[in-house]
$ cat coords19.cif   # mmCIF, N, CA and C atoms
data_model
loop_
_atom_site.label_atom_id
_atom_site.label_comp_id
_atom_site.auth_asym_id
_atom_site.auth_seq_id
_atom_site.Cartn_x
_atom_site.Cartn_y
_atom_site.Cartn_z
N MET C 1 0.84 -1.19 0.00
CA MET C 1 0.00 0.00 0.00
C MET C 1 0.88 1.24 0.00
N GLN C 2 0.41 2.24 -0.70
CA GLN C 2 1.08 3.53 -0.77
C GLN C 2 0.19 4.60 -0.14
N THR C 3 0.79 5.67 0.35
CA THR C 3 0.01 6.78 0.91
C THR C 3 0.47 8.07 0.27
N PHE C 4 -0.51 8.89 -0.09
CA PHE C 4 -0.26 10.23 -0.62
C PHE C 4 -0.99 11.21 0.28
N ILE C 5 -0.31 12.30 0.68
CA ILE C 5 -0.92 13.30 1.56
C ILE C 5 -0.71 14.69 0.97
N LYS C 6 -1.79 15.47 0.96
CA LYS C 6 -1.72 16.88 0.53
C LYS C 6 -2.49 17.69 1.57
N SER C 7 -1.88 18.78 2.03
CA SER C 7 -2.49 19.61 3.06
C SER C 7 -2.36 21.08 2.67
N SER C 8 -3.42 21.86 2.92
CA SER C 8 -3.43 23.30 2.64
C SER C 8 -4.23 24.02 3.71
N TYR C 9 -3.95 25.30 3.84
CA TYR C 9 -4.70 26.15 4.76
C TYR C 9 -5.56 27.11 3.96
N ILE C 10 -6.82 27.22 4.38
CA ILE C 10 -7.79 28.04 3.67
C ILE C 10 -8.44 28.98 4.66
N ASN C 11 -8.56 30.24 4.28
CA ASN C 11 -9.16 31.25 5.13
C ASN C 11 -10.69 31.16 5.04
N CYS C 12 -11.24 30.17 5.73
CA CYS C 12 -12.69 29.98 5.80
C CYS C 12 -12.98 29.13 7.03
N ASP C 13 -14.24 29.06 7.41
CA ASP C 13 -14.57 28.22 8.56
C ASP C 13 -14.65 26.76 8.12
N VAL C 14 -14.42 25.87 9.05
CA VAL C 14 -14.33 24.44 8.75
C VAL C 14 -15.65 23.88 8.22
N LYS C 15 -16.78 24.42 8.67
CA LYS C 15 -18.09 23.94 8.20
C LYS C 15 -18.28 24.26 6.71
N SER C 16 -17.86 25.45 6.28
CA SER C 16 -17.95 25.81 4.86
C SER C 16 -17.08 24.89 4.01
N LEU C 17 -15.90 24.56 4.50
CA LEU C 17 -14.99 23.66 3.80
C LEU C 17 -15.59 22.26 3.69
N PHE C 18 -16.15 21.78 4.78
CA PHE C 18 -16.79 20.47 4.80
C PHE C 18 -17.97 20.44 3.84
N ASP C 19 -18.84 21.44 3.93
CA ASP C 19 -20.03 21.50 3.07
C ASP C 19 -19.66 21.58 1.59
N PHE C 20 -18.59 22.29 1.28
CA PHE C 20 -18.12 22.39 -0.11
C PHE C 20 -17.79 20.99 -0.64
N HIS C 21 -17.17 20.17 0.18
CA HIS C 21 -16.81 18.82 -0.26
C HIS C 21 -17.99 17.86 -0.28
N LEU C 22 -19.02 18.15 0.48
CA LEU C 22 -20.22 17.31 0.43
C LEU C 22 -20.99 17.50 -0.87
N ASP C 23 -20.86 18.66 -1.49
CA ASP C 23 -21.56 18.95 -2.73
C ASP C 23 -20.77 18.36 -3.89
N THR C 24 -21.21 17.21 -4.40
CA THR C 24 -20.46 16.52 -5.45
C THR C 24 -20.39 17.33 -6.74
N ASN C 25 -21.26 18.30 -6.92
CA ASN C 25 -21.18 19.16 -8.11
C ASN C 25 -19.87 19.96 -8.12
N ASN C 26 -19.28 20.16 -6.96
CA ASN C 26 -18.01 20.89 -6.89
C ASN C 26 -16.83 20.06 -7.42
N LEU C 27 -17.03 18.76 -7.55
CA LEU C 27 -15.96 17.90 -8.07
C LEU C 27 -15.54 18.34 -9.47
N THR C 28 -16.49 18.70 -10.29
CA THR C 28 -16.15 19.15 -11.65
C THR C 28 -15.41 20.49 -11.63
N LYS C 29 -15.70 21.32 -10.64
CA LYS C 29 -15.04 22.63 -10.53
C LYS C 29 -13.57 22.50 -10.12
N ILE C 30 -13.26 21.48 -9.32
CA ILE C 30 -11.90 21.36 -8.78
C ILE C 30 -11.07 20.28 -9.49
N THR C 31 -11.56 19.81 -10.62
CA THR C 31 -10.83 18.81 -11.40
C THR C 31 -9.99 19.52 -12.46
N PRO C 32 -8.71 19.15 -12.59
CA PRO C 32 -7.86 19.79 -13.60
C PRO C 32 -8.45 19.68 -15.00
N THR C 33 -8.13 20.66 -15.83
CA THR C 33 -8.73 20.75 -17.16
C THR C 33 -8.34 19.60 -18.08
N ASP C 34 -7.29 18.86 -17.77
CA ASP C 34 -6.90 17.73 -18.63
C ASP C 34 -7.69 16.46 -18.30
N THR C 35 -8.61 16.56 -17.35
CA THR C 35 -9.45 15.44 -16.95
C THR C 35 -10.91 15.86 -17.01
N LYS C 36 -11.73 15.04 -17.64
CA LYS C 36 -13.17 15.29 -17.68
C LYS C 36 -13.84 14.37 -16.66
N VAL C 37 -14.71 14.95 -15.84
CA VAL C 37 -15.42 14.16 -14.83
C VAL C 37 -16.92 14.28 -15.09
N GLU C 38 -17.58 13.14 -15.12
CA GLU C 38 -19.03 13.11 -15.28
C GLU C 38 -19.63 12.35 -14.10
N LEU C 39 -20.56 13.01 -13.42
CA LEU C 39 -21.24 12.36 -12.29
C LEU C 39 -22.37 11.52 -12.85
N LEU C 40 -22.26 10.20 -12.74
CA LEU C 40 -23.28 9.30 -13.27
C LEU C 40 -24.44 9.13 -12.31
N THR C 41 -24.18 9.36 -11.02
CA THR C 41 -25.23 9.34 -10.01
C THR C 41 -25.70 10.78 -9.85
N LYS C 42 -26.91 11.04 -10.30
CA LYS C 42 -27.45 12.41 -10.26
C LYS C 42 -27.99 12.74 -8.87
N ASP C 43 -27.88 14.01 -8.49
CA ASP C 43 -28.40 14.52 -7.22
C ASP C 43 -27.93 13.68 -6.03
N PHE C 44 -26.65 13.36 -6.03
CA PHE C 44 -26.07 12.52 -4.98
C PHE C 44 -25.93 13.32 -3.69
N LYS C 45 -26.38 12.74 -2.60
CA LYS C 45 -26.23 13.31 -1.26
C LYS C 45 -25.38 12.35 -0.44
N PRO C 46 -24.15 12.75 -0.12
CA PRO C 46 -23.26 11.83 0.61
C PRO C 46 -23.76 11.52 2.02
N VAL C 47 -24.04 10.26 2.24
CA VAL C 47 -24.32 9.72 3.57
C VAL C 47 -23.63 8.36 3.62
N ALA C 48 -23.36 7.90 4.81
CA ALA C 48 -22.66 6.62 4.98
C ALA C 48 -23.35 5.51 4.20
N SER C 49 -22.57 4.70 3.52
CA SER C 49 -22.98 3.55 2.72
C SER C 49 -23.52 3.89 1.33
N GLN C 50 -23.71 5.16 1.02
CA GLN C 50 -24.17 5.55 -0.32
C GLN C 50 -23.05 5.35 -1.32
N ILE C 51 -23.42 5.06 -2.57
CA ILE C 51 -22.44 4.83 -3.63
C ILE C 51 -22.60 5.87 -4.72
N LEU C 52 -21.50 6.49 -5.07
CA LEU C 52 -21.43 7.49 -6.13
C LEU C 52 -20.73 6.87 -7.33
N LYS C 53 -21.36 7.00 -8.50
CA LYS C 53 -20.75 6.50 -9.74
C LYS C 53 -20.25 7.70 -10.54
N ILE C 54 -19.00 7.59 -10.97
CA ILE C 54 -18.31 8.67 -11.68
C ILE C 54 -17.62 8.09 -12.91
N LYS C 55 -17.61 8.86 -13.98
CA LYS C 55 -16.81 8.51 -15.15
C LYS C 55 -15.78 9.62 -15.33
N SER C 56 -14.51 9.25 -15.32
CA SER C 56 -13.46 10.24 -15.57
C SER C 56 -12.73 9.83 -16.84
N THR C 57 -12.34 10.85 -17.61
CA THR C 57 -11.62 10.61 -18.85
C THR C 57 -10.35 11.44 -18.84
N LYS C 58 -9.22 10.75 -19.03
CA LYS C 58 -7.92 11.41 -19.08
C LYS C 58 -7.10 10.72 -20.16
N TYR C 59 -6.41 11.51 -20.96
CA TYR C 59 -5.65 10.96 -22.09
C TYR C 59 -6.56 10.13 -23.00
N PHE C 60 -7.81 10.56 -23.13
CA PHE C 60 -8.83 9.89 -23.95
C PHE C 60 -9.18 8.50 -23.45
N ILE C 61 -8.80 8.20 -22.20
CA ILE C 61 -9.10 6.90 -21.61
C ILE C 61 -10.19 7.07 -20.56
N PRO C 62 -11.39 6.50 -20.83
CA PRO C 62 -12.46 6.59 -19.83
C PRO C 62 -12.25 5.58 -18.70
N MET C 63 -12.53 6.02 -17.48
CA MET C 63 -12.44 5.14 -16.31
C MET C 63 -13.69 5.31 -15.47
N ASN C 64 -14.33 4.21 -15.16
CA ASN C 64 -15.51 4.26 -14.31
C ASN C 64 -15.12 3.96 -12.87
N TRP C 65 -15.66 4.78 -11.99
CA TRP C 65 -15.42 4.64 -10.56
C TRP C 65 -16.77 4.42 -9.86
N GLU C 66 -16.76 3.57 -8.86
CA GLU C 66 -17.87 3.46 -7.92
C GLU C 66 -17.26 3.68 -6.55
N VAL C 67 -17.72 4.73 -5.88
CA VAL C 67 -17.13 5.14 -4.61
C VAL C 67 -18.19 5.07 -3.52
N LYS C 68 -17.87 4.34 -2.47
CA LYS C 68 -18.78 4.20 -1.33
C LYS C 68 -18.36 5.16 -0.23
N ILE C 69 -19.32 5.88 0.30
CA ILE C 69 -19.06 6.75 1.45
C ILE C 69 -18.95 5.85 2.68
N GLU C 70 -17.74 5.77 3.20
CA GLU C 70 -17.47 4.90 4.35
C GLU C 70 -17.82 5.57 5.67
N LYS C 71 -17.49 6.87 5.77
CA LYS C 71 -17.70 7.55 7.05
C LYS C 71 -17.86 9.04 6.82
N ILE C 72 -18.77 9.62 7.58
CA ILE C 72 -18.93 11.08 7.61
C ILE C 72 -18.99 11.50 9.07
N ASP C 73 -18.11 12.43 9.42
CA ASP C 73 -18.10 12.99 10.76
C ASP C 73 -18.13 14.51 10.58
N ASN C 74 -19.32 15.07 10.51
CA ASN C 74 -19.54 16.49 10.23
C ASN C 74 -19.03 17.34 11.39
N PRO C 75 -18.17 18.32 11.17
CA PRO C 75 -17.60 18.85 9.93
C PRO C 75 -16.13 18.50 9.72
N ASN C 76 -15.68 17.35 10.22
CA ASN C 76 -14.24 17.09 10.23
C ASN C 76 -13.72 15.97 9.33
N LEU C 77 -14.60 15.10 8.87
CA LEU C 77 -14.09 13.94 8.14
C LEU C 77 -15.10 13.41 7.14
N LEU C 78 -14.58 13.06 5.97
CA LEU C 78 -15.35 12.37 4.94
C LEU C 78 -14.42 11.31 4.37
N VAL C 79 -14.82 10.05 4.44
CA VAL C 79 -13.99 8.96 3.93
C VAL C 79 -14.74 8.23 2.85
N ASP C 80 -14.09 8.09 1.68
CA ASP C 80 -14.69 7.30 0.62
C ASP C 80 -13.76 6.18 0.21
N LEU C 81 -14.36 5.08 -0.20
CA LEU C 81 -13.64 3.87 -0.57
C LEU C 81 -14.09 3.47 -1.97
N ALA C 82 -13.14 3.28 -2.88
CA ALA C 82 -13.49 2.88 -4.24
C ALA C 82 -13.82 1.40 -4.27
N LEU C 83 -15.03 1.10 -4.74
CA LEU C 83 -15.42 -0.29 -4.95
C LEU C 83 -15.01 -0.73 -6.35
N LYS C 84 -14.99 0.24 -7.26
CA LYS C 84 -14.57 -0.01 -8.64
C LYS C 84 -13.73 1.19 -9.07
N SER C 85 -12.51 0.92 -9.53
CA SER C 85 -11.60 1.99 -9.94
C SER C 85 -10.43 1.36 -10.70
N PRO C 86 -9.54 2.18 -11.23
CA PRO C 86 -8.35 1.62 -11.89
C PRO C 86 -7.33 1.04 -10.90
N PHE C 87 -7.59 1.17 -9.61
CA PHE C 87 -6.65 0.73 -8.58
C PHE C 87 -7.10 -0.57 -7.93
N ALA C 88 -6.15 -1.33 -7.40
CA ALA C 88 -6.49 -2.54 -6.64
C ALA C 88 -7.14 -2.14 -5.31
N PHE C 89 -6.73 -0.97 -4.78
CA PHE C 89 -7.32 -0.43 -3.55
C PHE C 89 -7.20 1.08 -3.60
N TRP C 90 -8.25 1.78 -3.12
CA TRP C 90 -8.24 3.24 -3.09
C TRP C 90 -9.15 3.70 -1.95
N GLU C 91 -8.54 4.39 -0.98
CA GLU C 91 -9.31 5.01 0.10
C GLU C 91 -8.89 6.47 0.18
N HIS C 92 -9.88 7.35 0.25
CA HIS C 92 -9.61 8.79 0.28
C HIS C 92 -10.24 9.38 1.53
N LYS C 93 -9.38 9.89 2.42
CA LYS C 93 -9.85 10.58 3.62
C LYS C 93 -9.73 12.08 3.37
N HIS C 94 -10.86 12.77 3.46
CA HIS C 94 -10.90 14.24 3.39
C HIS C 94 -10.98 14.69 4.85
N ILE C 95 -9.96 15.36 5.33
CA ILE C 95 -9.90 15.75 6.73
C ILE C 95 -9.95 17.28 6.80
N PHE C 96 -10.81 17.81 7.67
CA PHE C 96 -11.01 19.25 7.80
C PHE C 96 -10.75 19.63 9.25
N ILE C 97 -9.74 20.48 9.46
CA ILE C 97 -9.31 20.81 10.83
C ILE C 97 -9.36 22.32 11.03
N LYS C 98 -10.02 22.74 12.09
CA LYS C 98 -10.10 24.17 12.44
C LYS C 98 -8.82 24.58 13.16
N HIS C 99 -8.24 25.69 12.69
CA HIS C 99 -7.06 26.28 13.34
C HIS C 99 -7.38 27.76 13.54
N GLY C 100 -8.06 28.07 14.62
CA GLY C 100 -8.45 29.46 14.86
C GLY C 100 -9.46 29.91 13.81
N ASN C 101 -9.10 30.97 13.05
CA ASN C 101 -10.01 31.50 12.02
C ASN C 101 -9.78 30.89 10.64
N ILE C 102 -8.85 29.95 10.54
CA ILE C 102 -8.61 29.30 9.25
C ILE C 102 -8.84 27.80 9.38
N SER C 103 -8.90 27.12 8.24
CA SER C 103 -9.13 25.68 8.23
C SER C 103 -8.05 24.99 7.44
N GLU C 104 -7.74 23.79 7.85
CA GLU C 104 -6.80 22.96 7.12
C GLU C 104 -7.58 21.92 6.32
N LEU C 105 -7.27 21.83 5.05
CA LEU C 105 -7.81 20.80 4.18
C LEU C 105 -6.70 19.77 3.99
N LYS C 106 -6.98 18.55 4.39
CA LYS C 106 -5.96 17.50 4.29
C LYS C 106 -6.57 16.29 3.58
N ASP C 107 -5.95 15.92 2.48
CA ASP C 107 -6.36 14.72 1.75
C ASP C 107 -5.34 13.64 2.00
N VAL C 108 -5.80 12.46 2.42
CA VAL C 108 -4.94 11.31 2.64
C VAL C 108 -5.47 10.18 1.76
N ILE C 109 -4.66 9.81 0.78
CA ILE C 109 -5.03 8.75 -0.16
C ILE C 109 -4.18 7.53 0.15
N THR C 110 -4.84 6.41 0.38
CA THR C 110 -4.15 5.14 0.52
C THR C 110 -4.52 4.32 -0.71
N PHE C 111 -3.51 3.86 -1.45
CA PHE C 111 -3.81 3.15 -2.68
C PHE C 111 -2.85 1.99 -2.92
N LYS C 112 -3.31 1.08 -3.76
CA LYS C 112 -2.48 -0.04 -4.20
C LYS C 112 -2.68 -0.16 -5.70
N MET C 113 -1.59 -0.25 -6.40
CA MET C 113 -1.64 -0.38 -7.85
C MET C 113 -2.13 -1.77 -8.24
N PRO C 114 -2.79 -1.87 -9.39
CA PRO C 114 -3.20 -3.20 -9.88
C PRO C 114 -2.01 -3.90 -10.54
N PHE C 115 -2.17 -5.14 -10.90
CA PHE C 115 -1.22 -5.91 -11.70
C PHE C 115 0.10 -6.20 -11.00
N GLY C 116 0.09 -6.25 -9.66
CA GLY C 116 1.28 -6.65 -8.92
C GLY C 116 2.52 -5.85 -9.25
N PHE C 117 3.60 -6.57 -9.55
CA PHE C 117 4.89 -5.93 -9.83
C PHE C 117 4.81 -4.98 -11.02
N LEU C 118 4.10 -5.38 -12.06
CA LEU C 118 3.99 -4.52 -13.25
C LEU C 118 3.31 -3.19 -12.89
N GLY C 119 2.27 -3.25 -12.10
CA GLY C 119 1.59 -2.03 -11.66
C GLY C 119 2.48 -1.16 -10.80
N SER C 120 3.31 -1.80 -9.97
CA SER C 120 4.19 -1.03 -9.08
C SER C 120 5.19 -0.19 -9.88
N LEU C 121 5.49 -0.58 -11.11
CA LEU C 121 6.39 0.20 -11.96
C LEU C 121 5.81 1.56 -12.32
N LEU C 122 4.49 1.70 -12.19
CA LEU C 122 3.82 2.96 -12.53
C LEU C 122 3.59 3.87 -11.32
N GLU C 123 4.01 3.45 -10.14
CA GLU C 123 3.75 4.22 -8.92
C GLU C 123 4.30 5.64 -8.99
N GLY C 124 5.49 5.82 -9.54
CA GLY C 124 6.07 7.16 -9.66
C GLY C 124 5.22 8.06 -10.52
N PHE C 125 4.74 7.55 -11.63
CA PHE C 125 3.85 8.31 -12.52
C PHE C 125 2.56 8.67 -11.79
N VAL C 126 1.99 7.71 -11.07
CA VAL C 126 0.73 7.94 -10.35
C VAL C 126 0.93 8.99 -9.26
N ARG C 127 2.02 8.91 -8.52
CA ARG C 127 2.30 9.91 -7.47
C ARG C 127 2.41 11.31 -8.07
N LYS C 128 3.11 11.43 -9.18
CA LYS C 128 3.27 12.72 -9.84
C LYS C 128 1.90 13.25 -10.29
N ASP C 129 1.08 12.36 -10.82
CA ASP C 129 -0.26 12.74 -11.27
C ASP C 129 -1.15 13.14 -10.09
N LEU C 130 -1.05 12.42 -8.98
CA LEU C 130 -1.81 12.77 -7.78
C LEU C 130 -1.38 14.14 -7.25
N GLN C 131 -0.06 14.39 -7.25
CA GLN C 131 0.45 15.68 -6.78
C GLN C 131 -0.13 16.81 -7.62
N LYS C 132 -0.09 16.64 -8.93
CA LYS C 132 -0.62 17.66 -9.84
C LYS C 132 -2.12 17.87 -9.61
N MET C 133 -2.86 16.76 -9.51
CA MET C 133 -4.30 16.85 -9.33
C MET C 133 -4.68 17.53 -8.02
N PHE C 134 -4.03 17.13 -6.93
CA PHE C 134 -4.41 17.68 -5.63
C PHE C 134 -3.85 19.09 -5.41
N ASP C 135 -2.74 19.42 -6.04
CA ASP C 135 -2.29 20.82 -6.03
C ASP C 135 -3.37 21.70 -6.66
N PHE C 136 -3.90 21.25 -7.79
CA PHE C 136 -4.95 21.99 -8.48
C PHE C 136 -6.22 22.06 -7.62
N ARG C 137 -6.65 20.93 -7.10
CA ARG C 137 -7.87 20.89 -6.28
C ARG C 137 -7.78 21.84 -5.09
N HIS C 138 -6.66 21.81 -4.40
CA HIS C 138 -6.51 22.67 -3.22
C HIS C 138 -6.48 24.15 -3.62
N LYS C 139 -5.79 24.45 -4.71
CA LYS C 139 -5.70 25.84 -5.18
C LYS C 139 -7.08 26.38 -5.53
N VAL C 140 -7.85 25.63 -6.30
CA VAL C 140 -9.17 26.08 -6.73
C VAL C 140 -10.14 26.13 -5.55
N THR C 141 -10.09 25.15 -4.67
CA THR C 141 -10.94 25.16 -3.47
C THR C 141 -10.66 26.42 -2.65
N LYS C 142 -9.38 26.72 -2.46
CA LYS C 142 -8.98 27.92 -1.72
C LYS C 142 -9.52 29.18 -2.40
N GLU C 143 -9.35 29.28 -3.72
CA GLU C 143 -9.84 30.45 -4.46
C GLU C 143 -11.34 30.62 -4.31
N ILE C 144 -12.09 29.54 -4.47
CA ILE C 144 -13.55 29.62 -4.39
C ILE C 144 -14.01 30.02 -2.99
N LEU C 145 -13.49 29.34 -1.98
CA LEU C 145 -13.97 29.58 -0.61
C LEU C 145 -13.50 30.92 -0.06
N GLU C 146 -12.29 31.35 -0.42
CA GLU C 146 -11.83 32.65 0.08
C GLU C 146 -12.51 33.80 -0.65
N LYS C 147 -12.93 33.57 -1.87
CA LYS C 147 -13.68 34.60 -2.61
C LYS C 147 -15.07 34.80 -2.00
N ARG C 148 -15.67 33.70 -1.51
CA ARG C 148 -16.99 33.78 -0.88
C ARG C 148 -16.92 34.61 0.39
N GLY C 149 -15.73 34.53 1.03
CA GLY C 149 -15.46 35.30 2.25
C GLY C 149 -16.47 35.08 3.27
#

$ encode --input "coords19.cif" --output "structure tokens"
Amino acid sequence: MQTFIKSSYINCDVKSLFDFHLDTNNLTKITPTDTKVELLTKDFKPVASQILKIKSTKYFIPMNWEVKIEKIDNPNLLVDLALKSPFAFWEHKHIFIKHGNISELKDVITFKMPFGFLGSLLEGFVRKDLQKMFDFRHKVTKEILEKRG
């Protein structure tokens, strides 16, 4: 198993940050332009055990994801687990921490590549791609929430 962590500080209250992530429509807003995301589950409301179906396309390669909401602890934690994805295992913890008047957004991804040893050869590429994606997500989330003030 591999772990990827990205953390940022945003000048907003933790409840606004949490609520922003609960709204799955925001996923398309915070996805880098080289990736197309389509929400296949319409009007999704994240609650424990609910499943969200997503189609993402990158490099003209479509990938279907089914993500189960494992845990919600309002306003500090949202955990999703991929039931279907390009990975052998994928868990994403969205952690929201209040620090006085600002909030910390922390994403912790635990993943395992498919195809055993052959898949492990791609880990460096995947890490680089995750860094790029989450740098973008955090930047745009910060811009949107700080603009709302």

$ resolve_selection --input "coords19.cif" --expression "the PyMOL selection byres (((chain C and resi 1-16 and name CA) around 6) and name CA)" --output "PDB file with N, CA and C atoms, in the coordinates of the input"
ATOM      1  N   LEU C  17     -15.900  24.560   4.500  1.00  0.00           N
ATOM      2  CA  LEU C  17     -14.990  23.660   3.800  1.00  0.00           C
ATOM      3  C   LEU C  17     -15.590  22.260   3.690  1.00  0.00           C
ATOM      4  N   PHE C  18     -16.150  21.780   4.780  1.00  0.00           N
ATOM      5  CA  PHE C  18     -16.790  20.470   4.800  1.00  0.00           C
ATOM      6  C   PHE C  18     -17.970  20.440   3.840  1.00  0.00           C
ATOM      7  N   ASP C  19     -18.840  21.440   3.930  1.00  0.00           N
ATOM      8  CA  ASP C  19     -20.030  21.500   3.070  1.00  0.00           C
ATOM      9  C   ASP C  19     -19.660  21.580   1.590  1.00  0.00           C
ATOM     10  N   PRO C  75     -18.170  18.320  11.170  1.00  0.00           N
ATOM     11  CA  PRO C  75     -17.600  18.850   9.930  1.00  0.00           C
ATOM     12  C   PRO C  75     -16.130  18.500   9.720  1.00  0.00           C
ATOM     13  N   LYS C  98     -10.020  22.740  12.090  1.00  0.00           N
ATOM     14  CA  LYS C  98     -10.100  24.170  12.440  1.00  0.00           C
ATOM     15  C   LYS C  98      -8.820  24.580  13.160  1.00  0.00           C
ATOM     16  N   ILE C 102      -8.850  29.950  10.540  1.00  0.00           N
ATOM     17  CA  ILE C 102      -8.610  29.300   9.250  1.00  0.00           C
ATOM     18  C   ILE C 102      -8.840  27.800   9.380  1.00  0.00           C
ATOM     19  N   SER C 103      -8.900  27.120   8.240  1.00  0.00           N
ATOM     20  CA  SER C 103      -9.130  25.680   8.230  1.00  0.00           C
ATOM     21  C   SER C 103      -8.050  24.990   7.440  1.00  0.00           C
ATOM     22  N   GLU C 104      -7.740  23.790   7.850  1.00  0.00           N
ATOM     23  CA  GLU C 104      -6.800  22.960   7.120  1.00  0.00           C
ATOM     24  C   GLU C 104      -7.580  21.920   6.320  1.00  0.00           C
ATOM     25  N   LEU C 105      -7.270  21.830   5.050  1.00  0.00           N
ATOM     26  CA  LEU C 105      -7.810  20.800   4.180  1.00  0.00           C
ATOM     27  C   LEU C 105      -6.700  19.770   3.990  1.00  0.00           C
ATOM     28  N   LYS C 106      -6.980  18.550   4.390  1.00  0.00           N
ATOM     29  CA  LYS C 106      -5.960  17.500   4.290  1.00  0.00           C
ATOM     30  C   LYS C 106      -6.570  16.290   3.580  1.00  0.00           C
ATOM     31  N   ASP C 107      -5.950  15.920   2.480  1.00  0.00           N
ATOM     32  CA  ASP C 107      -6.360  14.720   1.750  1.00  0.00           C
ATOM     33  C   ASP C 107      -5.340  13.640   2.000  1.00  0.00           C
ATOM     34  N   VAL C 108      -5.800  12.460   2.420  1.00  0.00           N
ATOM     35  CA  VAL C 108      -4.940  11.310   2.640  1.00  0.00           C
ATOM     36  C   VAL C 108      -5.470  10.180   1.760  1.00  0.00           C
ATOM     37  N   ILE C 109      -4.660   9.810   0.780  1.00  0.00           N
ATOM     38  CA  ILE C 109      -5.030   8.750  -0.160  1.00  0.00           C
ATOM     39  C   ILE C 109      -4.180   7.530   0.150  1.00  0.00           C
ATOM     40  N   THR C 110      -4.840   6.410   0.380  1.00  0.00           N
ATOM     41  CA  THR C 110      -4.150   5.140   0.520  1.00  0.00           C
ATOM     42  C   THR C 110      -4.520   4.320  -0.710  1.00  0.00           C
ATOM     43  N   PHE C 111      -3.510   3.860  -1.450  1.00  0.00           N
ATOM     44  CA  PHE C 111      -3.810   3.150  -2.680  1.00  0.00           C
ATOM     45  C   PHE C 111      -2.850   1.990  -2.920  1.00  0.00           C
ATOM     46  N   LYS C 112      -3.310   1.080  -3.760  1.00  0.00           N
ATOM     47  CA  LYS C 112      -2.480  -0.040  -4.200  1.00  0.00           C
ATOM     48  C   LYS C 112      -2.680  -0.160  -5.700  1.00  0.00           C
ATOM     49  N   LYS C 142      -9.380  26.720  -2.460  1.00  0.00           N
ATOM     50  CA  LYS C 142      -8.980  27.920  -1.720  1.00  0.00           C
ATOM     51  C   LYS C 142      -9.520  29.180  -2.400  1.00  0.00           C
ATOM     52  N   GLU C 146     -12.290  31.350  -0.420  1.00  0.00           N
ATOM     53  CA  GLU C 146     -11.830  32.650   0.080  1.00  0.00           C
ATOM     54  C   GLU C 146     -12.510  33.800  -0.650  1.00  0.00           C
TER      55      GLU C 146
END

$ atom_distance --input "coords19.cif" --atom1 "atom CA of C:Glu123" --atom2 "atom CA of C:Leu52"
25.5 Å

$ atom_distance --input "coords19.cif" --atom1 "atom CA of C:Lys29" --atom2 "atom N of C:Met133"
13.6 Å

$ closest_residue --input "coords19.cif" --among "C:Pro114, C:Ile30, C:Phe96, C:Lys68" --to "C:His138" --atoms "all atoms listed in the file"
C:Ile30

$ select_by_dssp --input "coords19.cif" --residues "chain C" --states "helix (DSSP H, G or I)" --output "NGL selection string"
:C and (14-22 or 26-29 or 116-120 or 123-148)

$ resolve_selection --input "coords19.cif" --expression "the PyMOL selection byres ((chain C and resi 56-61) around 8)" --output "PyMOL selection string"
chain C and resi 34-39+53-55+62-65

$ select_by_dssp --input "coords19.cif" --residues "stretch 4-147 of chain C" --states "strand (DSSP E or B)" --output "number ranges by chain"
C: 4-10, 35-39, 51-58, 61-73, 77-84, 89-99, 102-112

$ atom_distance --input "coords19.cif" --atom1 "atom N of C:Gly119" --atom2 "atom CA of C:Phe89"
13.2 Å

$ resolve_selection --input "coords19.cif" --expression "the PyMOL selection byres (((chain C and resi 45 and name CA) around 8) and name CA)" --output "PDB file with N, CA and C atoms, in the coordinates of the input"
ATOM      1  N   LEU C  22     -19.020  18.150   0.480  1.00  0.00           N
ATOM      2  CA  LEU C  22     -20.220  17.310   0.430  1.00  0.00           C
ATOM      3  C   LEU C  22     -20.990  17.500  -0.870  1.00  0.00           C
ATOM      4  N   ASP C  23     -20.860  18.660  -1.490  1.00  0.00           N
ATOM      5  CA  ASP C  23     -21.560  18.950  -2.730  1.00  0.00           C
ATOM      6  C   ASP C  23     -20.770  18.360  -3.890  1.00  0.00           C
ATOM      7  N   THR C  24     -21.210  17.210  -4.400  1.00  0.00           N
ATOM      8  CA  THR C  24     -20.460  16.520  -5.450  1.00  0.00           C
ATOM      9  C   THR C  24     -20.390  17.330  -6.740  1.00  0.00           C
ATOM     10  N   ASP C  43     -27.880  14.010  -8.490  1.00  0.00           N
ATOM     11  CA  ASP C  43     -28.400  14.520  -7.220  1.00  0.00           C
ATOM     12  C   ASP C  43     -27.930  13.680  -6.030  1.00  0.00           C
ATOM     13  N   PHE C  44     -26.650  13.360  -6.030  1.00  0.00           N
ATOM     14  CA  PHE C  44     -26.070  12.520  -4.980  1.00  0.00           C
ATOM     15  C   PHE C  44     -25.930  13.320  -3.690  1.00  0.00           C
ATOM     16  N   PRO C  46     -24.150  12.750  -0.120  1.00  0.00           N
ATOM     17  CA  PRO C  46     -23.260  11.830   0.610  1.00  0.00           C
ATOM     18  C   PRO C  46     -23.760  11.520   2.020  1.00  0.00           C
ATOM     19  N   VAL C  47     -24.040  10.260   2.240  1.00  0.00           N
ATOM     20  CA  VAL C  47     -24.320   9.720   3.570  1.00  0.00           C
ATOM     21  C   VAL C  47     -23.630   8.360   3.620  1.00  0.00           C
TER      22      VAL C  47
END

$ closest_residue --input "coords19.cif" --among "C:Ile72, C:Phe87, C:Val79, C:Leu40" --to "C:Leu122" --atoms "only C-alpha atoms"
C:Phe87

$ residues_around --input "coords19.cif" --residues "C:Leu78" --least-positions-apart "2" --cutoff "8 Å" --atoms "only N, CA and C atoms" --output "PyMOL selection string"
chain C and resi 18+69-76+80-81+92-96
